[in-house]
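Visitor: My file is entry11.cif. It has mmCIF, C-alpha atoms:
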data_upload
#
loop_
_atom_site.label_atom_id
_atom_site.label_comp_id
_atom_site.auth_asym_id
_atom_site.auth_seq_id
_atom_site.Cartn_x
_atom_site.Cartn_y
_atom_site.Cartn_z
CA MET A 1 129.17 -19.98 56.38
CA LYS A 2 129.76 -23.69 56.87
CA ASN A 3 133.33 -24.92 56.64
CA PRO A 4 133.02 -28.65 55.86
CA PHE A 5 136.57 -29.01 54.52
CA GLY A 6 138.23 -26.81 57.13
CA LYS A 7 139.86 -24.70 54.38
CA ILE A 8 138.22 -21.40 55.19
CA THR A 9 140.41 -19.63 57.70
CA THR A 10 141.93 -16.29 58.65
CA LEU A 11 145.09 -14.37 57.88
CA GLU A 12 146.21 -14.83 61.50
CA ALA A 13 145.80 -18.62 61.28
CA VAL A 14 147.72 -19.05 58.01
CA MET A 15 150.65 -16.94 59.17
CA GLU A 16 152.19 -20.04 60.81
CA GLN A 17 152.91 -21.31 57.26
CA PHE A 18 155.49 -18.56 56.66
CA HIS A 19 159.02 -18.78 58.04
CA ASP A 20 162.55 -17.44 57.48
CA GLY A 21 164.39 -18.96 54.54
CA MET A 22 161.27 -20.31 52.86
CA THR A 23 160.47 -20.62 49.18
CA LEU A 24 157.39 -18.56 48.36
CA MET A 25 155.61 -18.55 45.03
CA PHE A 26 153.18 -15.75 44.25
CA GLY A 27 150.58 -15.05 41.61
CA GLY A 28 150.33 -11.75 39.78
CA PHE A 29 151.68 -9.75 36.86
CA GLY A 30 152.93 -6.25 37.67
CA GLY A 31 151.02 -6.54 40.94
CA VAL A 32 147.71 -7.22 39.18
CA GLY A 33 146.42 -10.42 40.75
CA SER A 34 148.89 -10.45 43.64
CA PRO A 35 147.26 -11.08 47.06
CA PRO A 36 147.51 -7.82 49.05
CA THR A 37 146.37 -9.09 52.44
CA LEU A 38 148.76 -12.07 52.50
CA ILE A 39 151.67 -9.89 51.36
CA GLU A 40 150.90 -7.40 54.14
CA GLY A 41 150.76 -10.27 56.65
CA ILE A 42 154.14 -11.64 55.53
CA LEU A 43 155.59 -8.15 55.69
CA ASN A 44 154.27 -7.62 59.22
CA LYS A 45 155.50 -10.99 60.45
CA GLY A 46 159.01 -9.87 59.60
CA ILE A 47 160.23 -13.03 57.93
CA VAL A 48 163.48 -12.82 55.96
CA ASP A 49 165.70 -14.73 53.51
CA ILE A 50 162.76 -15.63 51.30
CA THR A 51 163.24 -17.15 47.87
CA LEU A 52 160.50 -15.56 45.78
CA ILE A 53 159.20 -17.18 42.62
CA GLY A 54 156.83 -15.27 40.35
CA ASN A 55 156.45 -13.38 37.10
CA ASP A 56 158.04 -10.10 38.21
CA THR A 57 158.94 -8.04 41.28
CA GLY A 58 155.99 -5.64 40.98
CA PHE A 59 156.63 -2.03 41.90
CA PRO A 60 158.32 -0.86 45.14
CA HIS A 61 154.91 -0.12 46.69
CA ILE A 62 152.82 -2.66 44.74
CA GLY A 63 152.39 -6.40 45.15
CA ILE A 64 155.37 -8.57 46.01
CA GLY A 65 157.55 -5.50 45.40
CA LYS A 66 156.93 -4.48 49.01
CA LEU A 67 158.80 -7.54 50.29
CA VAL A 68 161.64 -6.85 47.86
CA ARG A 69 161.77 -3.21 48.92
CA GLU A 70 162.07 -4.21 52.58
CA GLU A 71 164.94 -6.59 51.67
CA ARG A 72 163.08 -9.69 52.82
CA ALA A 73 164.09 -11.72 49.77
CA LYS A 74 167.51 -13.31 49.29
CA LYS A 75 166.66 -14.64 45.85
CA VAL A 76 164.10 -14.00 43.14
CA ILE A 77 163.22 -16.23 40.22
CA ALA A 78 161.34 -13.98 37.76
CA SER A 79 161.13 -12.85 34.16
CA HIS A 80 161.29 -9.12 34.81
CA ILE A 81 162.36 -6.74 37.57
CA GLY A 82 162.31 -3.49 35.54
CA SER A 83 159.27 -1.95 37.22
CA ASN A 84 160.91 -2.22 40.65
CA PRO A 85 164.16 -0.20 40.60
CA ILE A 86 164.94 -1.31 44.17
CA ALA A 87 165.19 -4.91 42.95
CA GLY A 88 167.76 -3.75 40.37
CA GLN A 89 169.77 -1.87 42.99
CA LEU A 90 169.78 -4.84 45.37
CA MET A 91 170.85 -7.12 42.53
CA HIS A 92 173.74 -4.84 41.57
CA THR A 93 174.96 -4.53 45.16
CA GLY A 94 174.84 -8.30 45.61
CA LYS A 95 172.06 -8.25 48.20
CA LEU A 96 169.59 -10.03 45.97
CA GLU A 97 170.25 -12.99 43.74
CA VAL A 98 168.11 -12.89 40.60
CA GLU A 99 167.48 -15.83 38.28
CA PHE A 100 165.84 -14.66 35.05
CA SER A 101 163.63 -16.99 33.07
CA PRO A 102 161.78 -16.04 29.87
CA GLN A 103 158.22 -15.19 30.84
CA GLY A 104 156.39 -18.06 29.18
CA ILE A 105 159.08 -20.54 30.15
CA LEU A 106 158.81 -19.38 33.75
CA ALA A 107 155.04 -19.85 33.60
CA GLU A 108 155.56 -23.31 32.14
CA ARG A 109 158.17 -24.23 34.78
CA ILE A 110 155.63 -23.33 37.43
CA ARG A 111 152.90 -25.24 35.60
CA ALA A 112 155.20 -28.27 35.28
CA GLY A 113 155.88 -28.18 39.00
CA GLY A 114 152.18 -27.87 39.62
CA VAL A 115 151.29 -30.90 37.54
CA GLY A 116 154.01 -33.17 38.85
CA LEU A 117 156.50 -33.04 36.00
CA ALA A 118 160.24 -32.68 36.63
CA ALA A 119 161.26 -30.75 33.51
CA PHE A 120 160.53 -30.07 29.84
CA PHE A 121 162.37 -29.28 26.61
CA SER A 122 162.43 -25.72 25.29
CA ASP A 123 164.08 -23.95 22.36
CA ILE A 124 163.56 -20.44 23.79
CA GLY A 125 166.75 -18.46 24.37
CA MET A 126 169.10 -21.27 23.31
CA ASP A 127 171.58 -18.80 21.84
CA ASN A 128 171.35 -16.58 24.90
CA GLU A 129 174.05 -17.16 27.48
CA LEU A 130 171.97 -15.96 30.39
CA VAL A 131 169.13 -18.33 29.58
CA SER A 132 171.15 -21.34 28.50
CA LYS A 133 173.86 -21.17 31.17
CA ASN A 134 174.24 -24.38 33.18
CA LYS A 135 171.24 -25.99 31.51
CA PRO A 136 171.68 -29.46 30.06
CA ARG A 137 170.68 -29.97 26.42
CA PHE A 138 168.72 -32.74 24.84
CA HIS A 139 168.72 -33.79 21.20
CA LEU A 140 165.32 -34.83 19.85
CA ASP A 141 164.26 -35.43 16.24
CA GLY A 142 167.20 -33.50 14.82
CA LYS A 143 166.91 -30.47 17.06
CA ASP A 144 168.60 -29.34 20.25
CA TYR A 145 166.62 -28.23 23.26
CA LEU A 146 167.37 -26.82 26.67
CA ILE A 147 166.09 -28.78 29.62
CA GLU A 148 164.03 -26.41 31.74
CA THR A 149 163.37 -27.63 35.26
CA ALA A 150 160.05 -27.45 37.07
CA LEU A 151 159.47 -25.08 39.98
CA THR A 152 157.53 -25.67 43.17
CA ALA A 153 157.54 -23.83 46.49
CA GLU A 154 156.83 -24.52 50.13
CA VAL A 155 153.95 -22.09 50.00
CA ALA A 156 152.09 -20.59 47.03
CA ILE A 157 149.88 -17.52 47.46
CA VAL A 158 147.23 -16.53 44.94
CA TYR A 159 144.52 -13.90 44.55
CA ALA A 160 141.12 -14.92 43.25
CA LYS A 161 137.73 -13.34 42.82
CA LYS A 162 135.68 -16.09 44.42
CA ALA A 163 136.24 -19.33 46.30
CA ASP A 164 133.65 -21.79 47.48
CA GLU A 165 134.05 -23.77 50.69
CA TYR A 166 136.10 -26.41 48.89
CA GLY A 167 138.56 -23.81 47.57
CA ASN A 168 137.37 -23.98 43.97
CA LEU A 169 138.55 -20.70 42.46
CA ILE A 170 137.52 -18.27 39.78
CA TYR A 171 139.57 -15.24 38.93
CA ASP A 172 138.84 -11.69 37.80
CA LYS A 173 139.69 -10.78 34.19
CA SER A 174 143.42 -10.30 33.54
CA ALA A 175 144.13 -10.77 37.26
CA ARG A 176 144.05 -14.48 36.42
CA ASN A 177 147.51 -14.34 34.75
CA THR A 178 149.90 -16.66 36.65
CA ASN A 179 147.52 -17.44 39.51
CA PRO A 180 146.09 -20.76 38.23
CA LEU A 181 149.64 -22.02 37.63
CA VAL A 182 150.99 -20.85 40.97
CA ALA A 183 147.98 -22.35 42.73
CA MET A 184 149.05 -25.82 41.58
CA ALA A 185 152.74 -25.48 42.46
CA GLY A 186 152.69 -24.90 46.22
CA ASP A 187 153.28 -27.70 48.71
CA ILE A 188 150.72 -25.60 50.53
CA THR A 189 148.52 -23.22 48.55
CA ILE A 190 146.75 -20.30 50.17
CA ALA A 191 144.11 -18.40 48.23
CA GLU A 192 143.16 -14.87 49.20
CA VAL A 193 139.72 -14.17 47.74
CA GLU A 194 137.36 -11.26 47.36
CA GLU A 195 134.32 -13.38 48.10
CA ILE A 196 133.70 -16.78 49.74
CA VAL A 197 130.54 -18.48 48.56
CA PRO A 198 128.72 -21.65 49.66
CA LEU A 199 129.37 -25.03 48.05
CA GLY A 200 127.33 -25.41 44.91
CA SER A 201 127.05 -21.73 44.12
CA LEU A 202 129.86 -21.73 41.53
CA ASP A 203 129.00 -23.24 38.17
CA PRO A 204 131.34 -26.27 37.83
CA ASP A 205 131.93 -25.21 34.22
CA GLU A 206 133.33 -21.84 35.25
CA ILE A 207 135.82 -23.01 37.90
CA ILE A 208 139.40 -22.34 36.79
CA THR A 209 141.34 -23.85 39.70
CA PRO A 210 139.79 -26.97 41.23
CA GLY A 211 139.83 -26.84 45.02
CA VAL A 212 141.97 -29.98 45.01
CA PHE A 213 144.98 -27.67 44.72
CA VAL A 214 143.92 -25.24 47.43
CA ASP A 215 144.67 -25.86 51.11
CA PHE A 216 143.48 -22.63 52.72
CA VAL A 217 141.19 -19.77 51.78
CA ILE A 218 141.23 -16.39 53.49
CA PRO A 219 139.10 -13.31 52.85
CA SER A 220 140.84 -10.36 51.20
CA LYS A 221 140.87 -6.86 52.61
CA GLY A 222 141.34 -5.61 49.04
CA VAL A 223 144.15 -3.87 47.23
CA ASN A 224 145.98 -1.53 49.62
CA TRP A 225 148.27 0.19 47.13
CA LYS A 226 147.91 2.89 44.51
CA TRP A 227 148.43 1.72 40.93
CA ALA A 228 151.06 3.32 38.68
CA TRP A 229 148.31 4.57 36.34
CA GLU A 230 146.23 6.21 39.09
CA MET B 1 166.53 14.38 15.81
CA GLY B 2 163.68 14.30 18.28
CA MET B 3 160.96 11.74 18.20
CA GLY B 4 158.02 14.03 17.46
CA VAL B 5 154.42 12.97 17.26
CA GLU B 6 154.58 13.23 13.49
CA PHE B 7 157.42 10.68 13.27
CA ARG B 8 155.79 8.36 15.75
CA ASN B 9 152.49 8.41 13.89
CA GLN B 10 154.13 7.92 10.51
CA MET B 11 155.96 4.83 11.75
CA ALA B 12 152.87 3.46 13.48
CA LYS B 13 150.79 4.06 10.35
CA ARG B 14 153.29 2.16 8.22
CA ALA B 15 153.37 -0.73 10.71
CA ALA B 16 149.56 -0.84 10.63
CA GLU B 17 149.71 -1.58 6.88
CA GLU B 18 151.18 -4.98 7.73
CA ILE B 19 148.10 -6.02 9.70
CA GLN B 20 145.47 -7.95 7.79
CA ASN B 21 141.97 -8.90 8.70
CA GLY B 22 141.77 -11.75 11.23
CA MET B 23 145.33 -11.51 12.50
CA VAL B 24 146.50 -11.98 16.09
CA VAL B 25 148.88 -9.13 16.93
CA ASN B 26 151.03 -8.40 19.96
CA LEU B 27 152.17 -4.82 20.48
CA GLY B 28 155.11 -3.63 22.55
CA ILE B 29 155.09 -0.43 24.55
CA GLY B 30 155.87 2.99 23.04
CA ILE B 31 155.31 3.61 19.32
CA PRO B 32 153.80 0.13 18.71
CA SER B 33 150.95 1.06 21.05
CA LEU B 34 149.92 3.75 18.52
CA VAL B 35 149.38 1.22 15.73
CA PRO B 36 145.67 0.52 16.44
CA ASN B 37 144.89 4.22 15.80
CA HIS B 38 145.89 3.68 12.17
CA LEU B 39 143.87 0.58 11.37
CA ALA B 40 140.84 0.75 9.15
CA LYS B 41 137.65 0.41 11.21
CA GLU B 42 136.54 -2.68 9.32
CA THR B 43 139.80 -4.56 10.02
CA MET B 44 139.11 -7.26 12.62
CA VAL B 45 142.22 -7.86 14.71
CA MET B 46 142.73 -9.70 17.97
CA PHE B 47 145.31 -7.83 20.02
CA HIS B 48 147.13 -10.23 22.30
CA ALA B 49 148.65 -9.39 25.69
CA GLU B 50 151.17 -11.73 27.32
CA ASN B 51 149.41 -11.55 30.68
CA GLY B 52 146.45 -13.37 29.23
CA ILE B 53 144.14 -11.29 27.07
CA THR B 54 143.21 -11.98 23.46
CA GLY B 55 141.08 -9.18 22.07
CA MET B 56 142.26 -5.99 23.76
CA GLY B 57 140.54 -2.75 22.92
CA PRO B 58 141.50 0.88 23.50
CA SER B 59 142.27 2.51 26.84
CA PRO B 60 139.19 3.19 28.95
CA ALA B 61 138.00 6.71 29.67
CA ILE B 62 139.42 8.24 32.83
CA GLY B 63 137.32 7.00 35.71
CA ASP B 64 136.30 3.80 33.89
CA GLU B 65 139.52 1.90 34.61
CA ASP B 66 139.28 -1.60 36.05
CA GLU B 67 142.34 -2.49 38.14
CA ASN B 68 141.97 -6.14 37.12
CA LEU B 69 141.81 -5.45 33.39
CA CYS B 70 145.27 -4.34 32.37
CA ASN B 71 147.73 -4.97 29.53
CA ALA B 72 151.17 -6.51 30.01
CA GLY B 73 152.56 -3.07 30.83
CA GLY B 74 150.12 -2.78 33.74
CA PHE B 75 147.90 -0.13 32.17
CA PRO B 76 144.10 -0.38 32.04
CA VAL B 77 142.58 -1.52 28.77
CA THR B 78 139.17 -2.54 27.47
CA LEU B 79 138.01 -5.58 25.53
CA THR B 80 136.66 -5.99 22.03
CA SER B 81 133.84 -8.37 21.07
CA GLY B 82 135.08 -11.94 21.04
CA ALA B 83 137.83 -11.32 23.58
CA SER B 84 138.97 -13.98 26.04
CA TYR B 85 141.14 -14.34 29.13
CA CYS B 86 143.62 -17.11 29.76
CA ASP B 87 146.46 -17.84 32.15
CA SER B 88 150.07 -16.94 31.36
CA ALA B 89 151.02 -20.48 30.30
CA ILE B 90 148.26 -20.56 27.67
CA SER B 91 149.09 -17.03 26.58
CA PHE B 92 152.68 -18.02 25.84
CA GLY B 93 151.48 -21.28 24.37
CA MET B 94 149.75 -19.17 21.72
CA ILE B 95 153.07 -17.45 21.00
CA ARG B 96 155.27 -20.56 20.94
CA ARG B 97 152.75 -22.50 18.87
CA GLY B 98 152.95 -19.85 16.16
CA ARG B 99 149.44 -18.48 16.59
CA VAL B 100 150.59 -14.88 16.97
CA ASP B 101 150.86 -13.48 13.44
CA ILE B 102 152.75 -10.27 14.14
CA THR B 103 154.67 -8.74 16.99
CA ILE B 104 155.55 -5.06 16.71
CA LEU B 105 158.22 -3.91 19.11
CA GLY B 106 160.92 -1.35 19.75
CA SER B 107 164.63 -2.11 19.84
CA LEU B 108 168.00 -0.82 20.94
CA GLU B 109 169.81 -2.34 17.95
CA VAL B 110 169.00 -4.50 14.94
CA SER B 111 171.67 -6.14 12.79
CA GLN B 112 171.70 -6.55 9.02
CA SER B 113 170.85 -10.22 9.48
CA GLY B 114 167.82 -9.44 11.64
CA ASP B 115 169.37 -10.01 15.06
CA LEU B 116 167.35 -8.22 17.73
CA ALA B 117 168.92 -6.62 20.82
CA ASN B 118 166.24 -4.97 22.90
CA TRP B 119 166.42 -6.25 26.43
CA ILE B 120 169.66 -5.42 28.18
CA VAL B 121 172.34 -2.75 28.50
CA PRO B 122 175.10 -4.50 30.44
CA GLY B 123 176.09 -2.69 33.61
CA LYS B 124 173.27 -0.19 33.17
CA LYS B 125 169.89 -1.68 32.68
CA VAL B 126 169.16 -5.33 33.38
CA PRO B 127 165.39 -5.47 33.72
CA GLY B 128 164.97 -9.06 32.54
CA MET B 129 163.64 -10.33 29.25
CA GLY B 130 159.98 -10.57 30.19
CA GLY B 131 158.21 -12.08 27.21
CA ALA B 132 160.46 -10.52 24.56
CA MET B 133 162.44 -13.66 23.73
CA GLU B 134 159.41 -15.81 23.07
CA LEU B 135 157.73 -13.11 20.99
CA ALA B 136 160.88 -12.42 18.96
CA GLN B 137 161.60 -16.07 18.39
CA LYS B 138 158.10 -17.40 17.75
CA ALA B 139 155.80 -14.70 16.36
CA LYS B 140 155.32 -15.37 12.64
CA LYS B 141 156.44 -11.87 11.72
CA VAL B 142 158.61 -9.56 13.81
CA ILE B 143 158.40 -5.86 13.01
CA VAL B 144 160.77 -3.43 14.70
CA VAL B 145 159.67 0.18 14.94
CA MET B 146 162.43 2.41 16.25
CA ASN B 147 164.33 5.65 15.88
CA HIS B 148 167.03 5.38 13.22
CA SER B 149 169.75 6.64 15.59
CA ASP B 150 170.21 6.51 19.35
CA LYS B 151 170.18 9.64 21.49
CA TYR B 152 173.90 10.13 20.87
CA GLY B 153 173.38 9.97 17.10
CA ASN B 154 174.83 6.47 16.72
CA PRO B 155 173.16 4.15 14.22
CA LYS B 156 170.83 1.52 15.66
CA ILE B 157 170.88 -0.52 12.45
CA VAL B 158 174.29 -2.16 12.47
CA THR B 159 176.42 -4.86 10.87
CA SER B 160 176.43 -6.83 14.07
CA CYS B 161 174.81 -5.96 17.41
CA THR B 162 177.09 -4.79 20.21
CA LEU B 163 174.41 -5.43 22.86
CA PRO B 164 173.39 -8.93 24.00
CA LEU B 165 170.82 -10.45 21.66
CA THR B 166 167.22 -11.02 22.53
CA SER B 167 167.03 -13.40 19.60
CA ALA B 168 169.16 -13.98 16.50
CA GLY B 169 167.87 -13.56 12.97
CA CYS B 170 164.26 -12.99 14.03
CA VAL B 171 163.44 -9.55 12.60
CA ASP B 172 161.48 -9.39 9.32
CA LEU B 173 160.85 -5.66 8.87
CA ILE B 174 162.45 -2.49 10.27
CA ILE B 175 160.54 0.79 10.25
CA THR B 176 162.33 3.98 11.30
CA GLU B 177 161.46 7.64 10.83
CA LEU B 178 163.63 7.64 7.70
CA ALA B 179 162.95 4.41 5.89
CA VAL B 180 161.61 0.87 5.80
CA PHE B 181 163.87 -2.17 5.39
CA MET B 182 163.06 -5.79 4.73
CA VAL B 183 165.42 -8.34 6.22
CA THR B 184 166.28 -10.77 3.42
CA GLU B 185 168.64 -13.72 3.05
CA GLU B 186 171.13 -11.32 1.45
CA GLY B 187 170.87 -8.69 4.17
CA LEU B 188 168.80 -5.54 4.37
CA LEU B 189 166.72 -4.23 1.48
CA LEU B 190 165.49 -0.65 1.62
CA THR B 191 161.96 -0.63 0.23
CA GLU B 192 160.54 2.70 1.33
CA LEU B 193 161.68 6.22 2.11
CA PHE B 194 159.84 8.75 4.23
CA THR B 195 160.37 11.90 2.20
CA PRO B 196 161.83 14.50 2.36
CA TYR B 197 164.54 12.13 3.63
CA SER B 198 166.78 10.90 0.84
CA LEU B 199 168.71 7.73 0.24
CA GLU B 200 171.87 9.68 1.11
CA ASN B 201 170.41 10.61 4.50
CA VAL B 202 169.69 6.96 5.19
CA ILE B 203 173.14 5.75 4.09
CA GLU B 204 174.76 8.34 6.31
CA LYS B 205 172.79 7.28 9.39
CA THR B 206 172.86 3.50 8.91
CA GLY B 207 175.63 1.41 10.45
CA CYS B 208 175.76 -1.26 7.76
CA GLU B 209 175.46 -1.69 4.02
CA PHE B 210 172.09 -2.41 2.49
CA LYS B 211 170.54 -3.00 -0.90
CA VAL B 212 167.98 -0.68 -2.40
CA SER B 213 164.80 -1.92 -4.00
CA GLU B 214 164.33 -1.21 -7.69
CA ASN B 215 161.01 0.40 -6.88
CA VAL B 216 161.47 2.45 -3.77
CA ARG B 217 158.14 3.67 -2.49
CA GLU B 218 158.25 7.27 -1.30
CA ILE B 219 155.94 8.12 1.57
CA PRO B 220 155.71 11.85 2.29
CA TYR B 221 155.46 13.26 5.81
#
Starting from the file, lay out its structure as structure tokens.
Guide:
Amino acid sequence: MKNPFGKITTLEAVMEQFHDGMTLMFGGFGGVGSPPTLIEGILNKGIVDITLIGNDTGFPHIGIGKLVREERAKKVIASHIGSNPIAGQLMHTGKLEVEFSPQGILAERIRAGGVGLAAFFSDIGMDNELVSKNKPRFHLDGKDYLIETALTAEVAIVYAKKADEYGNLIYDKSARNTNPLVAMAGDITIAEVEEIVPLGSLDPDEIITPGVFVDFVIPSKGVNWKWAWE
Amino acid sequence: MGMGVEFRNQMAKRAAEEIQNGMVVNLGIGIPSLVPNHLAKETMVMFHAENGITGMGPSPAIGDEDENLCNAGGFPVTLTSGASYCDSAISFGMIRRGRVDITILGSLEVSQSGDLANWIVPGKKVPGMGGAMELAQKAKKVIVVMNHSDKYGNPKIVTSCTLPLTSAGCVDLIITELAVFMVTEEGLLLTELFTPYSLENVIEKTGCEFKVSENVREIPY
């Protein structure tokens, strides 16, 4: 494999990107589409006080849930923590700060961050105290809206099916979910992929995330957890 | 009253009547997931999942699961002809833009003005709203399928919700094991009874006043 853009690397080499107190955005939905090898690497490096940003906290033994279970996160910005009871316990005992955002609004906040916008107007959850708390309002064409702010992170980690040597990504079925959005929103984006292919072997029409957004690509060792349905 | 298979199927079957050919439909977990079993074979429906599938089919056979093809609840599904994948922003774009015709979901409480409370029990269960707020607020039609009473026998259809709202005034139709109500400008209108339950049974178990249609349809168990 040639490496003309220097993006193809190893888990060991990208570990220097992760540090205590960092903001870390992750792709995945209930663990589907979360990068198992990177999560294991972060777990093994022992970093703490992470602010996690992603759709949900997975399950205690699945996806990003492992980091939550090991109390590596100080804060989570997510739409749902119900499938990870440990996240709920940590929240109730004050060990984990949780900021809830409606699922599609969270996705859009990540997308906004990823495409260089500061904020957008939303009418979702306006009458809900938890959603509307501390958010400025804007009046436009006779209607009120909440101002929802964009999200970015120091590092974004995603899971894709294939990358070429430029970091162009395609995803696998519903494991796409938040990954294309998260891929755009990292100051540094690391893609863990099932297969790395030569330049020119992906059809330009099928690429979902242009390699422009991807800084590093590492090979995946595959899912290392048992799914809830298994 | 327990929530036997018979009740669950009756409610799912009634909810299925609302689905017309060509609709985009999002189903919640629990009883709503039984709705596809009651659709006529010739009805073409695109089932939408928040995680980015339009055109979900039934569960795969055991052994045929694909870990990367799951519904929003994380369980393996299949696809129907014409299905597509998209990212989560597009998926919720479909919802907010009003392209989802019906959402069928469960609830903890529904008020007489159609307020929905289905996401939080303060001090007990705070799982987060997931996609419920967007679906409740933006799906063209919101159908609640739920037990008439909670496990302590308290009514779940109430004058005003005691639990925090998912969304105010969003519910269009309530289907319980006893009856079907439309949410109208003037409050609830009972339109159907699942016999042998009587109007008196429903009044006794409902936490608010409601009107009764002039032509109540009786659906036998």
Visitor: Applied to this file, what does the PyMOL selection byres ((chain B) within 7 of (chain A)) return in terms of residues, put as a PyMOL selection string?
Guide: chain B and resi 51-53+68-70+74-75+85-89+92+127-131+133-134+165+167
Visitor: For Arg8 in chain B, please output as a list of chain:residue names all residues within 9 Å (counting all atoms listed in the file; exclusion window: fewer than 6 positions along the same chain).
Guide: B:Ile31, B:Pro32, B:Leu34, B:Met146, B:Asn147, B:Glu177
Visitor: For the PyMOL selection byres ((chain B and resi 192-209) around 12), applied here, can you spell out every residue it catches as a ChimeraX atom specification?
Guide: /B:1,6-7,10-11,13-14,109-113,147-150,152-162,173-182,186-191,210-221
Visitor: Restricting the calculation to all atoms listed in the file: of B:Pro164, B:Pro76, B:Gly169, B:Gly98, which residue gets closest to Gly114 in chain B?
Guide: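 Looking only at the distances to Gly114 in chain B, the closest residue turns out to be B:Gly169.
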Visitor: Would you work out the distance separating CA of Ser34 in chain A from CA of Gly63 in chain A, expressed in Å to one decimal?
Guide: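 CA of Ser34 in chain A sits 5.6 Å away from CA of Gly63 in chain A.
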Visitor: Counting all atoms listed in the file, which residue out of A:Asn44, A:Phe26, A:Leu96, A:Gly116 sits closest to Val68 in chain A?
Guide: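 Once distances to Val68 in chain A are computed over all atoms listed in the file, the minimum belongs to A:Leu96.
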Visitor: Could you work out how far CA of Ile86 in chain A lies from CA of Glu192 in chain A, giving the answer in Å with one decimal?
Guide: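 If I compute the distance from CA of Glu192 in chain A to CA of Ile86 in chain A, I get 26.1 Å.
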Visitor: So what does the PyMOL selection byres ((chain B and resi 142) around 8) actually pick up in this one, as a PyMOL selection string?
Guide: chain B and resi 102-105+136+139-141+143-144+170-173
Visitor: Find the spatial neighbours of Leu52 in chain A, counting all atoms listed in the file, within a cut-off of 7 Å - ignore same-chain residues fewer than 2 positions away - and output them as a list of chain:residue names.
Guide: A:Thr23, A:Leu24, A:Met25, A:Ile50, A:Gly54, A:Ala73, A:Lys75, A:Val76, A:Ile77
Visitor: Under the rule that only C-alpha atoms are counted, which of B:Ala72, B:Leu27, B:Ala40, B:Ile62 is the nearest residue to Val100 in chain B?
Guide: B:Leu27
Visitor: Can you take the partial range 121-132 of chain A, add N, CA and C atoms, and return it as a compact mmCIF listing (two decimals), in the coordinates of the input?
Guide:
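Output contents, as saved in out-v7.txt:
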# COMPACT_ATOMS: atom_id res chain seq x y z
N PHE A 121 161.41 -29.76 27.62
CA PHE A 121 162.37 -29.28 26.61
C PHE A 121 161.88 -27.97 26.02
N SER A 122 162.81 -27.02 25.84
CA SER A 122 162.43 -25.72 25.29
C SER A 122 163.51 -25.24 24.33
N ASP A 123 163.08 -24.54 23.27
CA ASP A 123 164.08 -23.95 22.36
C ASP A 123 164.12 -22.43 22.50
N ILE A 124 163.55 -21.90 23.59
CA ILE A 124 163.56 -20.44 23.79
C ILE A 124 164.88 -20.01 24.42
N GLY A 125 165.53 -19.03 23.81
CA GLY A 125 166.75 -18.46 24.37
C GLY A 125 167.96 -19.38 24.33
N MET A 126 167.97 -20.33 23.37
CA MET A 126 169.10 -21.27 23.31
C MET A 126 170.41 -20.59 23.01
N ASP A 127 170.34 -19.50 22.20
CA ASP A 127 171.58 -18.80 21.84
C ASP A 127 171.87 -17.66 22.81
N ASN A 128 171.13 -17.63 23.91
CA ASN A 128 171.35 -16.58 24.90
C ASN A 128 172.05 -17.16 26.11
N GLU A 129 173.21 -16.59 26.43
CA GLU A 129 174.05 -17.16 27.48
C GLU A 129 173.34 -17.17 28.83
N LEU A 130 172.62 -16.07 29.09
CA LEU A 130 171.97 -15.96 30.39
C LEU A 130 170.88 -17.02 30.57
N VAL A 131 170.20 -17.33 29.49
CA VAL A 131 169.13 -18.33 29.58
C VAL A 131 169.69 -19.74 29.56
N SER A 132 170.69 -19.96 28.72
CA SER A 132 171.15 -21.34 28.50
C SER A 132 172.21 -21.81 29.49
